[in-house]
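Structure data follow from structure_27.csv (CSV, C-alpha atoms):
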chain,number,residue,atom,x,y,z
A,1,MET,CA,-22.7,3.4,7.9
A,2,SER,CA,-19.4,2.6,6.3
A,3,PHE,CA,-18.5,0.4,9.3
A,4,LEU,CA,-21.6,-1.8,8.6
A,5,LYS,CA,-20.8,-1.8,4.9
A,6,SER,CA,-17.3,-3.1,5.6
A,7,ILE,CA,-18.7,-5.8,7.9
A,8,VAL,CA,-21.1,-7.0,5.1
A,9,ALA,CA,-18.3,-7.0,2.6
A,10,THR,CA,-15.9,-9.0,4.8
A,11,THR,CA,-18.6,-11.6,5.6
A,12,VAL,CA,-19.6,-12.0,2.0
A,13,GLU,CA,-15.9,-12.5,1.0
A,14,ILE,CA,-15.3,-15.2,3.6
A,15,VAL,CA,-18.6,-17.0,2.7
A,16,THR,CA,-17.8,-16.8,-1.0
A,17,VAL,CA,-14.4,-18.5,-0.4
A,18,ILE,CA,-16.2,-21.3,1.6
A,19,TYR,CA,-18.7,-21.9,-1.2
A,20,LEU,CA,-15.9,-22.1,-3.8
A,21,ILE,CA,-14.1,-24.8,-1.6
A,22,THR,CA,-17.2,-26.8,-1.3
A,23,ALA,CA,-17.8,-26.6,-5.1
A,24,ILE,CA,-14.5,-28.4,-5.6
A,25,ILE,CA,-15.6,-31.2,-3.3
A,26,TYR,CA,-18.8,-31.6,-5.3
A,27,LEU,CA,-16.8,-31.7,-8.5
A,28,PHE,CA,-14.7,-34.5,-7.0
A,29,ARG,CA,-17.9,-36.5,-6.4
A,30,ILE,CA,-19.2,-35.8,-9.9
A,31,VAL,CA,-16.0,-37.2,-11.5
A,32,ARG,CA,-15.7,-40.2,-9.1
A,33,GLY,CA,-19.3,-41.2,-8.3
A,34,PRO,CA,-19.9,-44.9,-8.6
A,35,THR,CA,-23.5,-44.8,-10.0
A,36,ILE,CA,-25.3,-42.3,-12.2
A,37,PHE,CA,-27.5,-41.3,-9.3
A,38,ASP,CA,-24.5,-40.0,-7.3
A,39,ARG,CA,-23.5,-37.9,-10.2
A,40,ILE,CA,-26.9,-36.4,-10.6
A,41,LEU,CA,-27.0,-35.7,-6.8
A,42,ALA,CA,-23.7,-34.0,-7.0
A,43,VAL,CA,-24.9,-31.8,-9.9
A,44,ASP,CA,-27.9,-30.9,-7.8
A,45,ALA,CA,-25.7,-29.8,-4.9
A,46,LEU,CA,-23.3,-27.9,-7.2
A,47,ASN,CA,-26.1,-26.0,-8.7
A,48,TYR,CA,-27.7,-25.0,-5.3
A,49,ASN,CA,-24.2,-23.9,-4.5
A,50,LEU,CA,-24.1,-21.8,-7.7
A,51,THR,CA,-27.4,-20.0,-6.9
A,52,VAL,CA,-26.1,-18.8,-3.6
A,53,PHE,CA,-22.8,-17.9,-5.2
A,54,MET,CA,-24.6,-15.7,-7.7
A,55,ALA,CA,-26.6,-14.0,-5.0
A,56,LEU,CA,-23.5,-13.2,-2.9
A,57,LEU,CA,-21.7,-11.9,-6.0
A,58,ALA,CA,-24.6,-9.6,-6.8
A,59,LEU,CA,-24.7,-8.4,-3.2
A,60,TYR,CA,-20.9,-7.8,-3.2
A,61,LEU,CA,-20.7,-6.0,-6.6
A,62,GLU,CA,-24.1,-4.2,-6.1
A,63,ILE,CA,-25.3,-5.3,-9.6
A,64,PRO,CA,-28.7,-7.2,-9.2
A,65,MET,CA,-28.7,-8.3,-12.9
A,66,ILE,CA,-26.2,-11.1,-12.0
A,67,ALA,CA,-28.8,-12.8,-9.8
A,68,LEU,CA,-31.4,-13.2,-12.5
A,69,GLY,CA,-29.9,-16.5,-13.5
A,70,MET,CA,-30.8,-18.1,-10.1
A,71,ILE,CA,-34.5,-18.7,-11.1
A,72,VAL,CA,-33.5,-20.4,-14.3
A,73,VAL,CA,-30.9,-22.6,-12.6
A,74,SER,CA,-33.3,-23.7,-9.9
A,75,LEU,CA,-36.1,-24.6,-12.5
A,76,TRP,CA,-33.6,-26.4,-14.7
A,77,LEU,CA,-32.4,-28.5,-11.8
A,78,TYR,CA,-35.9,-29.8,-11.1
A,79,ALA,CA,-36.3,-30.6,-14.8
A,80,LEU,CA,-33.0,-32.6,-14.7
A,81,ASP,CA,-34.1,-34.6,-11.7
A,82,ILE,CA,-37.5,-35.4,-13.2
A,83,TYR,CA,-36.0,-36.3,-16.6
A,84,VAL,CA,-33.4,-38.7,-15.2
A,85,SER,CA,-35.7,-40.4,-12.8
A,86,LYS,CA,-38.4,-40.8,-15.4
A,87,TYR,CA,-36.0,-42.2,-18.0
A,88,ILE,CA,-34.5,-44.7,-15.6
A,89,GLU,CA,-37.9,-45.9,-14.3
A,90,PHE,CA,-39.8,-46.1,-17.6
A,91,LYS,CA,-37.0,-46.2,-20.2
A,92,GLU,CA,-38.4,-43.3,-22.0
A,93,ILE,CA,-38.7,-39.6,-21.5
A,94,GLY,CA,-42.3,-39.0,-20.8
A,95,GLU,CA,-44.8,-37.6,-23.3
B,96,MET,CA,-28.6,1.6,16.6
B,97,ASN,CA,-31.8,1.7,14.6
B,98,MET,CA,-33.9,-1.1,13.2
B,99,GLU,CA,-32.3,-1.4,9.8
B,100,ASN,CA,-28.9,-2.4,11.3
B,101,LEU,CA,-30.5,-5.1,13.3
B,102,VAL,CA,-32.1,-6.6,10.2
B,103,ILE,CA,-28.9,-6.4,8.3
B,104,ILE,CA,-27.0,-8.2,11.1
B,105,LEU,CA,-29.8,-10.9,11.2
B,106,GLY,CA,-29.3,-11.4,7.4
B,107,LEU,CA,-25.5,-11.8,7.9
B,108,ILE,CA,-26.1,-14.4,10.7
B,109,MET,CA,-28.4,-16.3,8.3
B,110,ILE,CA,-25.7,-16.2,5.6
B,111,THR,CA,-23.1,-17.6,8.0
B,112,ILE,CA,-25.4,-20.4,9.2
B,113,GLY,CA,-25.9,-21.3,5.5
B,114,ALA,CA,-22.1,-21.5,5.0
B,115,PHE,CA,-21.9,-23.9,8.0
B,116,PHE,CA,-24.7,-26.1,6.5
B,117,GLU,CA,-22.9,-26.1,3.1
B,118,VAL,CA,-19.7,-27.4,4.7
B,119,VAL,CA,-21.6,-30.1,6.5
B,120,GLY,CA,-23.3,-31.2,3.2
B,121,ALA,CA,-20.1,-31.2,1.3
B,122,LEU,CA,-18.4,-33.4,3.9
B,123,GLY,CA,-21.4,-35.7,3.8
B,124,VAL,CA,-21.3,-36.0,0.1
B,125,LEU,CA,-17.5,-36.7,0.2
B,126,ARG,CA,-17.4,-39.2,3.1
B,127,LEU,CA,-20.7,-41.0,3.5
B,128,LYS,CA,-21.2,-44.4,1.9
B,129,GLY,CA,-24.1,-45.4,-0.3
B,130,PHE,CA,-26.5,-43.4,-2.3
B,131,PHE,CA,-29.3,-43.0,0.3
B,132,ASN,CA,-26.9,-41.6,2.9
B,133,ARG,CA,-25.6,-39.0,0.4
B,134,ILE,CA,-29.1,-37.9,-0.6
B,135,HIS,CA,-29.8,-37.2,3.0
B,136,ALA,CA,-26.7,-34.9,3.2
B,137,VAL,CA,-27.6,-33.2,-0.1
B,138,THR,CA,-31.2,-32.3,0.8
B,139,ALA,CA,-30.1,-31.0,4.2
B,140,SER,CA,-27.6,-28.7,2.5
B,141,ALA,CA,-30.2,-27.7,-0.1
B,142,ILE,CA,-32.6,-26.3,2.5
B,143,GLY,CA,-30.1,-25.1,5.0
B,144,GLY,CA,-27.3,-24.1,2.7
B,145,ALA,CA,-29.3,-22.6,-0.2
B,146,ALA,CA,-32.7,-21.4,0.9
B,147,LEU,CA,-31.5,-19.9,4.2
B,148,PRO,CA,-28.6,-17.7,2.8
B,149,LEU,CA,-30.8,-16.6,-0.1
B,150,LEU,CA,-33.3,-15.3,2.5
B,151,GLY,CA,-30.4,-13.7,4.3
B,152,VAL,CA,-29.2,-11.9,1.1
B,153,ALA,CA,-32.8,-10.7,0.5
B,154,LEU,CA,-32.9,-9.2,4.0
B,155,VAL,CA,-29.5,-7.5,3.7
B,156,SER,CA,-30.2,-6.1,0.3
B,157,ALA,CA,-33.7,-4.9,1.1
B,158,PHE,CA,-32.6,-3.0,4.2
B,159,ALA,CA,-29.1,-1.8,3.2
B,160,PRO,CA,-29.1,2.0,2.8
B,161,TRP,CA,-26.1,2.1,0.4
B,162,MET,CA,-27.9,0.2,-2.3
B,163,ILE,CA,-31.3,1.9,-2.3
B,164,PRO,CA,-32.7,1.5,-5.8
B,165,GLN,CA,-31.1,-1.8,-6.9
B,166,GLY,CA,-31.4,-3.5,-3.6
B,167,TYR,CA,-35.1,-4.0,-4.0
B,168,TYR,CA,-34.6,-5.8,-7.3
B,169,LEU,CA,-32.1,-8.2,-5.7
B,170,ALA,CA,-34.4,-8.8,-2.7
B,171,GLY,CA,-37.3,-9.7,-5.0
B,172,ILE,CA,-35.2,-12.1,-7.1
B,173,CYS,CA,-33.7,-13.8,-4.0
B,174,PHE,CA,-37.2,-14.2,-2.4
B,175,THR,CA,-38.6,-15.8,-5.6
B,176,ALA,CA,-35.6,-18.2,-5.8
B,177,THR,CA,-36.1,-19.1,-2.2
B,178,ILE,CA,-39.7,-20.0,-2.7
B,179,LEU,CA,-38.8,-22.0,-5.8
B,180,ILE,CA,-36.1,-24.0,-4.0
B,181,LEU,CA,-38.3,-24.7,-1.0
B,182,LEU,CA,-40.9,-26.1,-3.4
B,183,LEU,CA,-38.8,-27.9,-6.0
B,184,ALA,CA,-35.8,-29.4,-4.1
B,185,PRO,CA,-37.7,-31.9,-2.0
B,186,ALA,CA,-39.9,-33.0,-4.9
B,187,GLY,CA,-36.9,-33.6,-7.2
B,188,ALA,CA,-34.9,-35.4,-4.5
B,189,HIS,CA,-38.0,-37.6,-3.8
B,190,ALA,CA,-38.3,-38.6,-7.5
B,191,LEU,CA,-34.6,-39.4,-7.7
B,192,ALA,CA,-34.7,-41.6,-4.6
B,193,ARG,CA,-37.8,-43.5,-5.9
B,194,SER,CA,-36.1,-44.3,-9.2
B,195,ALA,CA,-32.9,-45.2,-7.4
B,196,TYR,CA,-34.9,-47.6,-5.2
B,197,LEU,CA,-36.5,-49.3,-8.2
B,198,CYS,CA,-32.9,-49.9,-9.6
B,199,LYS,CA,-31.8,-53.4,-8.5
B,200,ASN,CA,-28.1,-52.7,-8.4
B,201,ILE,CA,-28.5,-50.3,-5.5
B,202,ARG,CA,-31.1,-52.3,-3.7
B,203,LYS,CA,-29.1,-55.5,-3.4
B,204,LYS,CA,-26.7,-53.9,-1.0
B,205,PHE,CA,-29.3,-53.3,1.7
B,206,ILE,CA,-29.2,-55.1,5.0
B,207,TYR,CA,-32.9,-55.1,5.6
B,208,ASP,CA,-35.6,-54.2,3.1
B,209,ASP,CA,-39.2,-54.2,4.0
B,210,LEU,CA,-40.7,-52.8,0.8
B,211,VAL,CA,-39.7,-55.6,-1.5
B,212,GLU,CA,-42.8,-57.7,-0.6
B,213,HIS,CA,-45.0,-54.8,-1.3
B,214,LEU,CA,-43.5,-54.4,-4.7
B,215,LYS,CA,-44.0,-58.1,-5.5
B,216,GLU,CA,-47.7,-57.8,-4.5
B,217,ARG,CA,-48.1,-54.8,-6.7
B,218,ARG,CA,-46.7,-56.5,-9.7
B,219,ARG,CA,-49.2,-59.4,-9.6

Rewrite the structure from the file as structure tokens, please.
Amino acid sequence: MSFLKSIVATTVEIVTVIYLITAIIYLFRIVRGPTIFDRILAVDALNYNLTVFMALLALYLEIPMIALGMIVVSLWLYALDIYVSKYIEFKEIGE
Amino acid sequence: MNMENLVIILGLIMITIGAFFEVVGALGVLRLKGFFNRIHAVTASAIGGAALPLLGVALVSAFAPWMIPQGYYLAGICFTATILILLLAPAGAHALARSAYLCKNIRKKFIYDDLVEHLKERRR
């Protein structure tokens, strides 16, 4: 049992480091993106990255309350997409 | 080796495949040219790199014997977030691509564009 637990802990550590490295790449695209759509797209990808990061952290520390923010982040991300696209298309935020 | 260990190993394999998809999506966002190539990379990494490892975390935490009471909470939260991402990520990306196509600065870099005549017909 402790062998399987150590396998899970090692895998989660390695995958967490990979997700942190990819978050730095998305931050580079947020700063440098030529148009506003590229920035919004990089914010999307960074927040999907953040949801998985929260889940892995909750699995590693065995505290499930860390993962409650995932639902809020994924809903807020959809609202960001819809707001930006509606504002650019109709020049107003819809009523 | 009983059934729980197999499900936990399946969840770990799903988490590892998700890390691979995330690296592919990050390289696509960094290296591809143009907005519509980048949105392809981001949506691929949203489904493969966010929904798949969340399902893997749900499997691992639901069947792990060392986190019996709190693992069920984590599995429920992860499953709900997976369903939300599977529903909302393609819809948001589609709305963003539509508004980017209607912007003229991005559209004038296209080599071939078949939808412009349809837009002209619609405006009449």

Can I get the residues of chain B within 6 Å of chain A, each with the closest pair of atoms and their distance in Å to one decimal, using all atoms listed in the file, sorted chain first then ascending number, as CSV?
residue,atom,partner,partner_atom,distance
B:Ala121,CA,A:Thr22,CA,5.9
B:Ala145,CA,A:Tyr48,CA,5.9
B:Leu169,CA,A:Pro64,CA,5.0
B:Ala176,CA,A:Ile71,CA,5.4
B:Gly187,CA,A:Asp81,CA,5.4
B:Leu191,CA,A:Ser85,CA,5.3
B:Ser194,CA,A:Ser85,CA,5.3

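If only C-alpha atoms are the atoms counted, then among B:Phe158, B:Phe174, B:Phe205, B:Phe130 the closest residue to Ala192 (chain B) is B:Phe130.
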
Atom-to-atom span, CA of Met109 (chain B) and CA of Ile178 (chain B), Å: 16.2 Å

Would you mind telling me which residue in B:Leu125, B:Ile110, B:Ile104, B:Val118 lies nearest to Ile30 (chain A) when using all atoms listed in the file? B:Leu125

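Separating CA of Leu27 (chain A) from CA of Ala153 (chain B) is a distance of 27.9 Å.
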
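As for CA of Ile172 (chain B) and CA of Val124 (chain B), they are spaced 28.6 Å apart.
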
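Considering only C-alpha atoms, the residue among B:Ala159, B:Leu210, B:Leu149, B:Val119 positioned nearest to His135 (chain B) is B:Val119.
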
Which of these residues is nearest to Leu182 (chain B), using all atoms listed in the file: B:Val102, B:Ala114, B:Ile142, B:Ile206? B:Ile142

Atoms are missing here; could region 65-82 of chain A be completed with N, CA and C atoms and written as an mmCIF file, in the frame of the given file?
data_model
loop_
_atom_site.group_PDB
_atom_site.id
_atom_site.type_symbol
_atom_site.label_atom_id
_atom_site.label_comp_id
_atom_site.auth_asym_id
_atom_site.auth_seq_id
_atom_site.Cartn_x
_atom_site.Cartn_y
_atom_site.Cartn_z
ATOM 1 N N MET A 65 -28.440 -7.571 -11.655
ATOM 2 C CA MET A 65 -28.700 -8.300 -12.900
ATOM 3 C C MET A 65 -27.931 -9.652 -12.893
ATOM 4 N N ILE A 66 -26.878 -9.780 -12.059
ATOM 5 C CA ILE A 66 -26.200 -11.100 -12.000
ATOM 6 C C ILE A 66 -27.075 -12.144 -11.446
ATOM 7 N N ALA A 67 -27.962 -11.760 -10.518
ATOM 8 C CA ALA A 67 -28.800 -12.800 -9.800
ATOM 9 C C ALA A 67 -29.965 -13.243 -10.584
ATOM 10 N N LEU A 68 -30.194 -12.733 -11.795
ATOM 11 C CA LEU A 68 -31.400 -13.200 -12.500
ATOM 12 C C LEU A 68 -31.294 -14.633 -12.955
ATOM 13 N N GLY A 69 -30.081 -15.169 -13.083
ATOM 14 C CA GLY A 69 -29.900 -16.500 -13.500
ATOM 15 C C GLY A 69 -30.333 -17.567 -12.465
ATOM 16 N N MET A 70 -30.509 -17.126 -11.212
ATOM 17 C CA MET A 70 -30.800 -18.100 -10.100
ATOM 18 C C MET A 70 -32.126 -18.806 -10.378
ATOM 19 N N ILE A 71 -33.145 -18.088 -10.859
ATOM 20 C CA ILE A 71 -34.500 -18.700 -11.100
ATOM 21 C C ILE A 71 -34.379 -19.756 -12.158
ATOM 22 N N VAL A 72 -33.643 -19.426 -13.225
ATOM 23 C CA VAL A 72 -33.500 -20.400 -14.300
ATOM 24 C C VAL A 72 -32.754 -21.615 -13.875
ATOM 25 N N VAL A 73 -31.711 -21.431 -13.067
ATOM 26 C CA VAL A 73 -30.900 -22.600 -12.600
ATOM 27 C C VAL A 73 -31.770 -23.492 -11.712
ATOM 28 N N SER A 74 -32.565 -22.887 -10.799
ATOM 29 C CA SER A 74 -33.300 -23.700 -9.900
ATOM 30 C C SER A 74 -34.457 -24.472 -10.650
ATOM 31 N N LEU A 75 -35.031 -23.848 -11.676
ATOM 32 C CA LEU A 75 -36.100 -24.600 -12.500
ATOM 33 C C LEU A 75 -35.444 -25.662 -13.310
ATOM 34 N N TRP A 76 -34.256 -25.379 -13.895
ATOM 35 C CA TRP A 76 -33.600 -26.400 -14.700
ATOM 36 C C TRP A 76 -33.182 -27.601 -13.926
ATOM 37 N N LEU A 77 -32.850 -27.374 -12.672
ATOM 38 C CA LEU A 77 -32.400 -28.500 -11.800
ATOM 39 C C LEU A 77 -33.549 -29.438 -11.538
ATOM 40 N N TYR A 78 -34.759 -28.896 -11.323
ATOM 41 C CA TYR A 78 -35.900 -29.800 -11.100
ATOM 42 C C TYR A 78 -36.220 -30.559 -12.394
ATOM 43 N N ALA A 79 -36.058 -29.909 -13.568
ATOM 44 C CA ALA A 79 -36.300 -30.600 -14.800
ATOM 45 C C ALA A 79 -35.261 -31.746 -15.005
ATOM 46 N N LEU A 80 -34.005 -31.517 -14.587
ATOM 47 C CA LEU A 80 -33.000 -32.600 -14.700
ATOM 48 C C LEU A 80 -33.331 -33.770 -13.813
ATOM 49 N N ASP A 81 -33.763 -33.509 -12.575
ATOM 50 C CA ASP A 81 -34.100 -34.600 -11.700
ATOM 51 C C ASP A 81 -35.288 -35.420 -12.260
ATOM 52 N N ILE A 82 -36.323 -34.722 -12.722
ATOM 53 C CA ILE A 82 -37.500 -35.400 -13.200
ATOM 54 C C ILE A 82 -37.149 -36.217 -14.493
#
